[in-house]
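S.K.: Take this structure, written in structure tokens, and hold onto it; I'll ask about it next.
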Amino acid sequence: MKPLIYADNNATTRVAPEVVHEMLPFCTEQYGNPSSMYAFAQAPAKAMDTARERVAALVGAERPDEIIFTSCGTESDNAAVFGTLAALPDKKHVVLSSVEHPAVYNLAETLQHRGCRTTMLRVDSQGIVDLDQLANSIWDDTALVSVMWANNETGVVSPVKEIAAICRAKGVAFHTDAVQAVGKLPVNVREAGAQLLSLSGHKIHAPKGVGALYIKRGTRFRPFFVGGHQEHGRRAGTENVPGIVALGKACELAAAYLQDEVTRVRALRDRLEREILARVPDSFLNGGGADRTPNTTSISFEYIEGEAILLYMSDAGICASSGSACTSGSLEPSHVLRAMGVPIELAHSAVRFSLSRYNTDADVDYIIDKLPPIIARLREMSPFAPK
Ligand SMILES: *Cc1c(COP(=O)(O)O)cnc(C)c1O
């Protein structure tokens, strides 16, 4: 039987059994609307309070009511940017980075349509934003700086404290997309100095369709979703109670598993990466010179296409990704790798492996056994590879 080696945890993750167990009653008996007055709705309302406390604890928020629940990481990112702009009507400029996830990156075009200017910060060859450019890009009418905490394609970690310090000195709010940072690195909004932070359930072993946005108390923000008074009027719409309960549990587990992530998962990733680079000639690590999340490796295999590698790996039962899942399907090479100055052919040949607490040594053994012959076979067929 073909095994399933899931090494695409930056695209989505398996829901933890503990999470399923905790959310299940809210899919069945406990279906009350948490906004209702009667006693029957108290259990879901209370469960949401617990979830909010757990999310707040994971990110180091001062108070649970600084957390609002959203439908996904994308909504959190959109709400952070549009919610800040809407609260500051005289500000017309937003600073983003050129390696953001599409949930932020693609806002640039929309913002321009709405009459805002955007500055896209360049990054160095390791994917780190240019801090001098940041300091010189903040004007009187700058509403927000948004730079991700950790990159989904390469795992590269941003210098969030330095970015926050520059924003603080200039009096501008700092939002960070921490979807790929939470559960993989210690994340503390107060130490980091961020006013807004996004996270997503399905990247940390909760189901798809739930996320959260941290909004520091006192931060100017207007709701992105308008309607009822849920979430203290900051995000309308009847709450996804099962999803929120799941996210809370996933955050509690993420804290408990952080040590495993930074030791065991990191060791698995390091061995996977080392062995691939040693066994496959003309393979190159992307972002290897930077501080990275412990679970992610992005490797380019010269002369061949990442998509072809994925298909052959799929036949062998291995799930990985080329660039980010959101951009595969289009033939555009990853904007992240291009921004880092990776040549276009190498950007096309990149494969990302991303591990989780559920990966084992046997998974790594399997990949390092199957991958080199796949690369060799594809290069035999490639008109570009030297023979
Ligand atoms: C997955 C991801 C998102 C989007 O989250 P969804 O919940 O899928 O909308 C945003 N930012 C980063 C860095 C991500 O990896």
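Order determines the names: the first chain of the structure tokens is A, the second B, and so forth; residues in each chain are numbered 1 upward, and ligands are numbered 1 upward as they are shown.
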Using only C-alpha atoms and all ligand atoms, which residues have at least one atom no more than 10 Å from ligand 1? Output them as a ChimeraX atom specification.
M.R.: /A:9-12,70-78,99-105,148-153,155,176-181,198-203,207-212,324-326
S.K.: Take the residues from that selection and put them in a file with N, CA and C atoms, as a compact mmCIF listing (two decimals), in the first residue's frame.
M.R.:
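Saved result, part30.txt, follows:
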# COMPACT_ATOMS: atom_id res chain seq x y z
N ASN A 9 2.47 21.04 5.83
CA ASN A 9 1.75 21.62 6.97
C ASN A 9 1.67 23.14 6.96
N ASN A 10 2.40 23.80 6.04
CA ASN A 10 2.20 25.25 5.93
C ASN A 10 0.99 25.55 5.05
N ALA A 11 0.49 24.52 4.32
CA ALA A 11 -0.73 24.70 3.52
C ALA A 11 -1.95 24.46 4.38
N THR A 12 -1.93 23.38 5.12
CA THR A 12 -2.95 23.12 6.12
C THR A 12 -2.47 21.95 6.98
N THR A 70 -12.40 35.49 13.82
CA THR A 70 -12.70 35.77 12.41
C THR A 70 -12.92 34.43 11.71
N SER A 71 -13.15 34.50 10.40
CA SER A 71 -13.41 33.27 9.64
C SER A 71 -12.14 32.62 9.11
N CYS A 72 -11.03 33.31 9.16
CA CYS A 72 -9.78 32.73 8.64
C CYS A 72 -8.63 33.74 8.77
N GLY A 73 -7.46 33.29 8.46
CA GLY A 73 -6.30 34.18 8.49
C GLY A 73 -6.44 35.31 7.49
N THR A 74 -7.01 35.01 6.33
CA THR A 74 -7.18 36.02 5.30
C THR A 74 -8.08 37.15 5.81
N GLU A 75 -9.18 36.78 6.46
CA GLU A 75 -10.07 37.81 7.01
C GLU A 75 -9.33 38.64 8.07
N SER A 76 -8.57 37.98 8.93
CA SER A 76 -7.83 38.72 9.95
C SER A 76 -6.89 39.74 9.30
N ASP A 77 -6.18 39.31 8.27
CA ASP A 77 -5.25 40.22 7.58
C ASP A 77 -6.01 41.38 6.93
N ASN A 78 -7.10 41.05 6.21
CA ASN A 78 -7.90 42.10 5.56
C ASN A 78 -8.48 43.06 6.59
N VAL A 99 7.28 40.11 0.45
CA VAL A 99 7.25 38.64 0.64
C VAL A 99 6.00 38.21 1.39
N GLU A 100 5.00 39.11 1.50
CA GLU A 100 3.79 38.76 2.24
C GLU A 100 3.01 37.63 1.57
N HIS A 101 2.23 36.94 2.37
CA HIS A 101 1.25 35.98 1.86
C HIS A 101 0.25 36.75 0.99
N PRO A 102 -0.36 36.08 -0.02
CA PRO A 102 -1.34 36.79 -0.86
C PRO A 102 -2.43 37.51 -0.07
N ALA A 103 -2.76 37.04 1.12
CA ALA A 103 -3.80 37.68 1.93
C ALA A 103 -3.44 39.10 2.31
N VAL A 104 -2.17 39.45 2.26
CA VAL A 104 -1.73 40.83 2.47
C VAL A 104 -1.16 41.40 1.17
N TYR A 105 -0.33 40.61 0.50
CA TYR A 105 0.36 41.06 -0.72
C TYR A 105 -0.62 41.60 -1.75
N MET A 148 4.94 40.35 7.78
CA MET A 148 4.65 39.03 8.38
C MET A 148 5.71 38.62 9.38
N TRP A 149 5.30 37.82 10.38
CA TRP A 149 6.26 37.35 11.39
C TRP A 149 7.14 36.24 10.81
N ALA A 150 6.51 35.28 10.16
CA ALA A 150 7.29 34.18 9.55
C ALA A 150 6.69 33.89 8.19
N ASN A 151 7.57 33.62 7.23
CA ASN A 151 7.12 33.42 5.86
C ASN A 151 6.63 32.00 5.61
N ASN A 152 5.51 31.88 4.90
CA ASN A 152 4.92 30.57 4.64
C ASN A 152 5.73 29.73 3.67
N GLU A 153 6.47 30.37 2.75
CA GLU A 153 7.19 29.59 1.74
C GLU A 153 8.58 29.16 2.21
N GLY A 155 9.86 29.96 5.58
CA GLY A 155 9.99 29.90 7.04
C GLY A 155 10.79 31.05 7.63
N THR A 176 1.19 42.39 12.17
CA THR A 176 2.00 41.28 11.70
C THR A 176 1.14 40.05 11.46
N ASP A 177 1.31 39.46 10.27
CA ASP A 177 0.65 38.20 9.93
C ASP A 177 1.49 37.09 10.58
N ALA A 178 0.96 36.56 11.69
CA ALA A 178 1.71 35.55 12.45
C ALA A 178 1.14 34.15 12.22
N VAL A 179 0.42 33.98 11.09
CA VAL A 179 -0.22 32.69 10.82
C VAL A 179 0.81 31.55 10.85
N GLN A 180 2.02 31.82 10.32
CA GLN A 180 3.05 30.76 10.28
C GLN A 180 4.00 30.82 11.47
N ALA A 181 3.77 31.76 12.37
CA ALA A 181 4.68 31.88 13.52
C ALA A 181 4.12 31.19 14.76
N SER A 198 -2.38 38.61 13.25
CA SER A 198 -3.32 37.64 12.68
C SER A 198 -2.85 36.23 12.92
N LEU A 199 -3.83 35.33 13.16
CA LEU A 199 -3.51 33.90 13.17
C LEU A 199 -4.67 33.12 12.57
N SER A 200 -4.43 31.86 12.23
CA SER A 200 -5.43 31.04 11.55
C SER A 200 -5.49 29.65 12.16
N GLY A 201 -6.70 29.13 12.31
CA GLY A 201 -6.90 27.82 12.95
C GLY A 201 -6.28 26.66 12.19
N HIS A 202 -6.53 26.61 10.87
CA HIS A 202 -6.15 25.38 10.16
C HIS A 202 -4.65 25.21 9.95
N LYS A 203 -3.87 26.23 10.30
CA LYS A 203 -2.41 26.07 10.24
C LYS A 203 -1.85 25.52 11.54
N PRO A 207 -9.71 23.19 12.71
CA PRO A 207 -10.29 23.07 11.36
C PRO A 207 -10.15 24.35 10.53
N LYS A 208 -10.46 24.21 9.26
CA LYS A 208 -10.48 25.37 8.37
C LYS A 208 -11.68 26.26 8.69
N GLY A 209 -11.54 27.55 8.44
CA GLY A 209 -12.68 28.44 8.60
C GLY A 209 -12.76 29.14 9.93
N VAL A 210 -11.67 29.26 10.62
CA VAL A 210 -11.65 30.06 11.85
C VAL A 210 -10.27 30.69 12.00
N GLY A 211 -10.28 31.93 12.47
CA GLY A 211 -9.03 32.64 12.70
C GLY A 211 -9.23 33.62 13.84
N ALA A 212 -8.20 34.38 14.13
CA ALA A 212 -8.31 35.38 15.18
C ALA A 212 -7.45 36.58 14.81
N SER A 324 3.77 28.71 -2.69
CA SER A 324 2.68 28.58 -1.73
C SER A 324 1.49 27.96 -2.45
N ALA A 325 0.68 27.22 -1.70
CA ALA A 325 -0.46 26.52 -2.27
C ALA A 325 -1.38 27.49 -3.01
N CYS A 326 -1.42 28.73 -2.52
CA CYS A 326 -2.33 29.70 -3.10
C CYS A 326 -1.87 30.15 -4.48
S.K.: Would you mind writing down, as a VMD selection string, each residue of region 58-117 of chain A that DSSP on the backbone assigns to helix (DSSP H, G or I)?
M.R.: chain A and resid 58 to 59 64 to 66 73 to 87 102 to 105 107 to 113
S.K.: At a cut-off of 9 Å, using only C-alpha atoms, what residues contact Val20 (chain A)? Leave out same-chain residues fewer than 5 positions from it and give the result as a VMD selection string.
M.R.: chain A and resid 15 206 to 207 246
S.K.: Let's have the selection written as a PDB file, in the first residue's frame, with C-alpha atoms.
M.R.:
ATOM      1  CA  VAL A  15      -7.006  18.531  13.038  1.00  0.00           C
ATOM      2  CA  ALA A 206      -7.780  23.322  14.234  1.00  0.00           C
ATOM      3  CA  PRO A 207     -10.291  23.070  11.361  1.00  0.00           C
ATOM      4  CA  ALA A 246     -11.408  24.265  18.329  1.00  0.00           C
TER       5      ALA A 246
END
S.K.: Give me the residues within 12 Å of Glu109 (chain A) as a ChimeraX atom specification, counting only C-alpha atoms and dropping any in the same chain fewer than 5 places off.
M.R.: /A:94,96,102-104,114-120
S.K.: Do you know which residues are at most 9 Å from Val364 (chain A) counting only C-alpha atoms, after dropping those on the same chain fewer than 3 positions away, and could you put them as a ChimeraX atom specification?
M.R.: /A:5,268-269,271-272,359-361,367-369
S.K.: Measuring between only C-alpha atoms, which one of A:His113, A:Arg63, A:Lys370, A:Arg266 shows the shortest distance to Arg357 (chain A)?
M.R.: A:Arg266
S.K.: Which residue, A:Tyr6, A:Phe69, A:Tyr38, A:Phe384, has the smallest gap to Phe225 (chain A) when you use only C-alpha atoms?
M.R.: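 Distance minimum relative to Phe225 (chain A) lands on A:Phe69.
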S.K.: As a PDB file with all heavy atoms, in the first residue's frame, please: the residues near Leu355 (chain A) (cut-off 7 Å, only C-alpha atoms, same-chain neighbours under 5 positions excluded).
M.R.:
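Everything below was put into selection-v3.pdb:
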ATOM      1  N   ALA A   7       3.784  16.296   4.205  1.00  0.00           N
ATOM      2  CA  ALA A   7       4.837  17.275   4.506  1.00  0.00           C
ATOM      3  C   ALA A   7       4.452  18.630   3.915  1.00  0.00           C
ATOM      4  O   ALA A   7       5.259  19.312   3.293  1.00  0.00           O
ATOM      5  CB  ALA A   7       6.178  16.799   3.953  1.00  0.00           C
ATOM      6  N   ASP A   8       3.175  18.984   4.095  1.00  0.00           N
ATOM      7  CA  ASP A   8       2.676  20.257   3.561  1.00  0.00           C
ATOM      8  C   ASP A   8       1.893  21.010   4.628  1.00  0.00           C
ATOM      9  O   ASP A   8       0.816  21.552   4.388  1.00  0.00           O
ATOM     10  CB  ASP A   8       1.803  19.996   2.326  1.00  0.00           C
ATOM     11  CG  ASP A   8       1.680  21.231   1.446  1.00  0.00           C
ATOM     12  OD1 ASP A   8       2.477  22.185   1.604  1.00  0.00           O
ATOM     13  OD2 ASP A   8       0.771  21.241   0.588  1.00  0.00           O
ATOM     14  N   ASN A   9       2.467  21.044   5.828  1.00  0.00           N
ATOM     15  CA  ASN A   9       1.752  21.618   6.974  1.00  0.00           C
ATOM     16  C   ASN A   9       1.666  23.139   6.959  1.00  0.00           C
ATOM     17  O   ASN A   9       0.923  23.710   7.767  1.00  0.00           O
ATOM     18  CB  ASN A   9       2.394  21.141   8.285  1.00  0.00           C
ATOM     19  CG  ASN A   9       2.081  19.673   8.534  1.00  0.00           C
ATOM     20  OD1 ASN A   9       1.032  19.353   9.060  1.00  0.00           O
ATOM     21  ND2 ASN A   9       2.979  18.772   8.124  1.00  0.00           N
ATOM     22  N   VAL A 265      10.879  18.479  15.943  1.00  0.00           N
ATOM     23  CA  VAL A 265      10.498  18.826  14.573  1.00  0.00           C
ATOM     24  C   VAL A 265      11.662  19.525  13.865  1.00  0.00           C
ATOM     25  O   VAL A 265      11.949  19.248  12.698  1.00  0.00           O
ATOM     26  CB  VAL A 265       9.205  19.681  14.545  1.00  0.00           C
ATOM     27  CG1 VAL A 265       8.894  20.149  13.128  1.00  0.00           C
ATOM     28  CG2 VAL A 265       8.027  18.902  15.121  1.00  0.00           C
ATOM     29  N   ASN A 295      10.010  24.124  11.132  1.00  0.00           N
ATOM     30  CA  ASN A 295       9.365  23.036  10.384  1.00  0.00           C
ATOM     31  C   ASN A 295       9.506  23.138   8.880  1.00  0.00           C
ATOM     32  O   ASN A 295       9.079  22.246   8.161  1.00  0.00           O
ATOM     33  CB  ASN A 295       7.864  23.009  10.714  1.00  0.00           C
ATOM     34  CG  ASN A 295       7.103  24.096   9.967  1.00  0.00           C
ATOM     35  OD1 ASN A 295       7.563  25.231   9.885  1.00  0.00           O
ATOM     36  ND2 ASN A 295       5.980  23.747   9.402  1.00  0.00           N
ATOM     37  N   THR A 296      10.051  24.252   8.382  1.00  0.00           N
ATOM     38  CA  THR A 296       9.949  24.564   6.948  1.00  0.00           C
ATOM     39  C   THR A 296      11.292  24.502   6.249  1.00  0.00           C
ATOM     40  O   THR A 296      12.292  24.997   6.784  1.00  0.00           O
ATOM     41  CB  THR A 296       9.368  25.993   6.764  1.00  0.00           C
ATOM     42  OG1 THR A 296       8.150  26.098   7.495  1.00  0.00           O
ATOM     43  CG2 THR A 296       9.128  26.319   5.306  1.00  0.00           C
TER      44      THR A 296
END
S.K.: Mind checking which residues fall within 8 Å of Ala41 (chain A), counting only C-alpha atoms, ignoring those fewer than 4 positions away in the same chain, and posting them as a PDB file with N, CA and C atoms, in the first residue's frame?
M.R.:
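And here is the file that came out, result_10.pdb:
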ATOM      1  N   GLN A  30     -24.830  21.227  21.881  1.00  0.00           N
ATOM      2  CA  GLN A  30     -24.665  22.617  22.363  1.00  0.00           C
ATOM      3  C   GLN A  30     -24.722  23.604  21.207  1.00  0.00           C
ATOM      4  N   TYR A  31     -25.905  23.659  20.587  1.00  0.00           N
ATOM      5  CA  TYR A  31     -26.013  24.478  19.378  1.00  0.00           C
ATOM      6  C   TYR A  31     -26.533  25.888  19.636  1.00  0.00           C
ATOM      7  N   GLY A  32     -26.702  26.277  20.895  1.00  0.00           N
ATOM      8  CA  GLY A  32     -27.269  27.595  21.209  1.00  0.00           C
ATOM      9  C   GLY A  32     -26.452  28.736  20.623  1.00  0.00           C
ATOM     10  N   ASN A  33     -27.140  29.839  20.343  1.00  0.00           N
ATOM     11  CA  ASN A  33     -26.468  31.047  19.865  1.00  0.00           C
ATOM     12  C   ASN A  33     -25.893  31.784  21.077  1.00  0.00           C
ATOM     13  N   PRO A  34     -24.591  31.972  21.122  1.00  0.00           N
ATOM     14  CA  PRO A  34     -23.988  32.557  22.333  1.00  0.00           C
ATOM     15  C   PRO A  34     -24.541  33.941  22.683  1.00  0.00           C
ATOM     16  N   SER A  35     -25.218  34.612  21.753  1.00  0.00           N
ATOM     17  CA  SER A  35     -25.789  35.931  22.066  1.00  0.00           C
ATOM     18  C   SER A  35     -27.151  35.823  22.749  1.00  0.00           C
ATOM     19  N   SER A  36     -27.741  34.607  22.796  1.00  0.00           N
ATOM     20  CA  SER A  36     -29.086  34.468  23.367  1.00  0.00           C
ATOM     21  C   SER A  36     -29.050  34.576  24.881  1.00  0.00           C
ATOM     22  N   MET A  37     -30.224  34.955  25.455  1.00  0.00           N
ATOM     23  CA  MET A  37     -30.313  35.266  26.876  1.00  0.00           C
ATOM     24  C   MET A  37     -30.483  34.032  27.766  1.00  0.00           C
ATOM     25  N   ALA A  45     -21.461  30.221  25.169  1.00  0.00           N
ATOM     26  CA  ALA A  45     -20.871  31.523  25.501  1.00  0.00           C
ATOM     27  C   ALA A  45     -19.650  31.342  26.399  1.00  0.00           C
TER      28      ALA A  45
END
S.K.: Can you write out as a tab-separated table which residues of region 233-289 of chain A fall within 8 Å of region 122-135 of chain A, alongside each residue's closest atom pair and its distance in Å to one decimal, counting only C-alpha atoms and ordering rows by chain and ascending residue number?
M.R.:
residue	atom	partner	partner_atom	distance
A:Asn286	CA	A:Gln126	CA	7.4
A:Gly287	CA	A:Gln126	CA	4.5
A:Gly288	CA	A:Gln126	CA	7.1
A:Gly289	CA	A:Gln126	CA	6.1
S.K.: Rounded to one decimal, what separation in Å do you get between CA of Ala80 (chain A) and CA of Val145 (chain A)?
M.R.: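 Interatomic distance, CA of Ala80 (chain A) to CA of Val145 (chain A): 10.3 Å.
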S.K.: Measuring atom to atom with only C-alpha atoms, identify which of A:Leu213, A:Ala267, A:Ile67, A:Leu337 is nearest to Ser98 (chain A).
M.R.: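 Of the candidates, the smallest distance to Ser98 (chain A) is held by A:Leu337.
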S.K.: With distances taken over only C-alpha atoms, which of A:Val342, A:Ala43, A:Met381, A:Ala79 is nearest to Val226 (chain A)?
M.R.: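 Nearest candidate to Val226 (chain A) out of A:Val342, A:Ala43, A:Met381, A:Ala79: A:Ala79.
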S.K.: Could you pull out the strand (DSSP E) residues of region 128-244 of chain A from DSSP and send them as an mmCIF file with C-alpha atoms, in the first residue's frame?
M.R.:
data_model
loop_
_atom_site.group_PDB
_atom_site.id
_atom_site.type_symbol
_atom_site.label_atom_id
_atom_site.label_comp_id
_atom_site.auth_asym_id
_atom_site.auth_seq_id
_atom_site.Cartn_x
_atom_site.Cartn_y
_atom_site.Cartn_z
ATOM 1 C CA THR A 142 0.952 56.388 6.811
ATOM 2 C CA ALA A 143 -1.811 54.412 8.506
ATOM 3 C CA LEU A 144 -0.154 51.054 8.995
ATOM 4 C CA VAL A 145 2.908 48.895 8.477
ATOM 5 C CA SER A 146 2.198 45.215 7.828
ATOM 6 C CA ALA A 173 0.498 50.999 13.980
ATOM 7 C CA PHE A 174 2.254 47.710 13.204
ATOM 8 C CA HIS A 175 0.329 44.654 12.031
ATOM 9 C CA THR A 176 2.002 41.276 11.700
ATOM 10 C CA ASP A 177 0.647 38.202 9.933
ATOM 11 C CA LEU A 196 -2.363 43.929 15.469
ATOM 12 C CA LEU A 197 -1.597 40.249 14.863
ATOM 13 C CA SER A 198 -3.323 37.640 12.682
ATOM 14 C CA LEU A 199 -3.507 33.899 13.171
ATOM 15 C CA SER A 200 -5.426 31.039 11.545
ATOM 16 C CA GLY A 211 -9.029 32.643 12.704
ATOM 17 C CA ALA A 212 -8.309 35.380 15.182
ATOM 18 C CA LEU A 213 -7.093 38.950 15.184
ATOM 19 C CA TYR A 214 -5.332 40.526 18.146
ATOM 20 C CA ILE A 215 -6.092 44.230 18.455
#
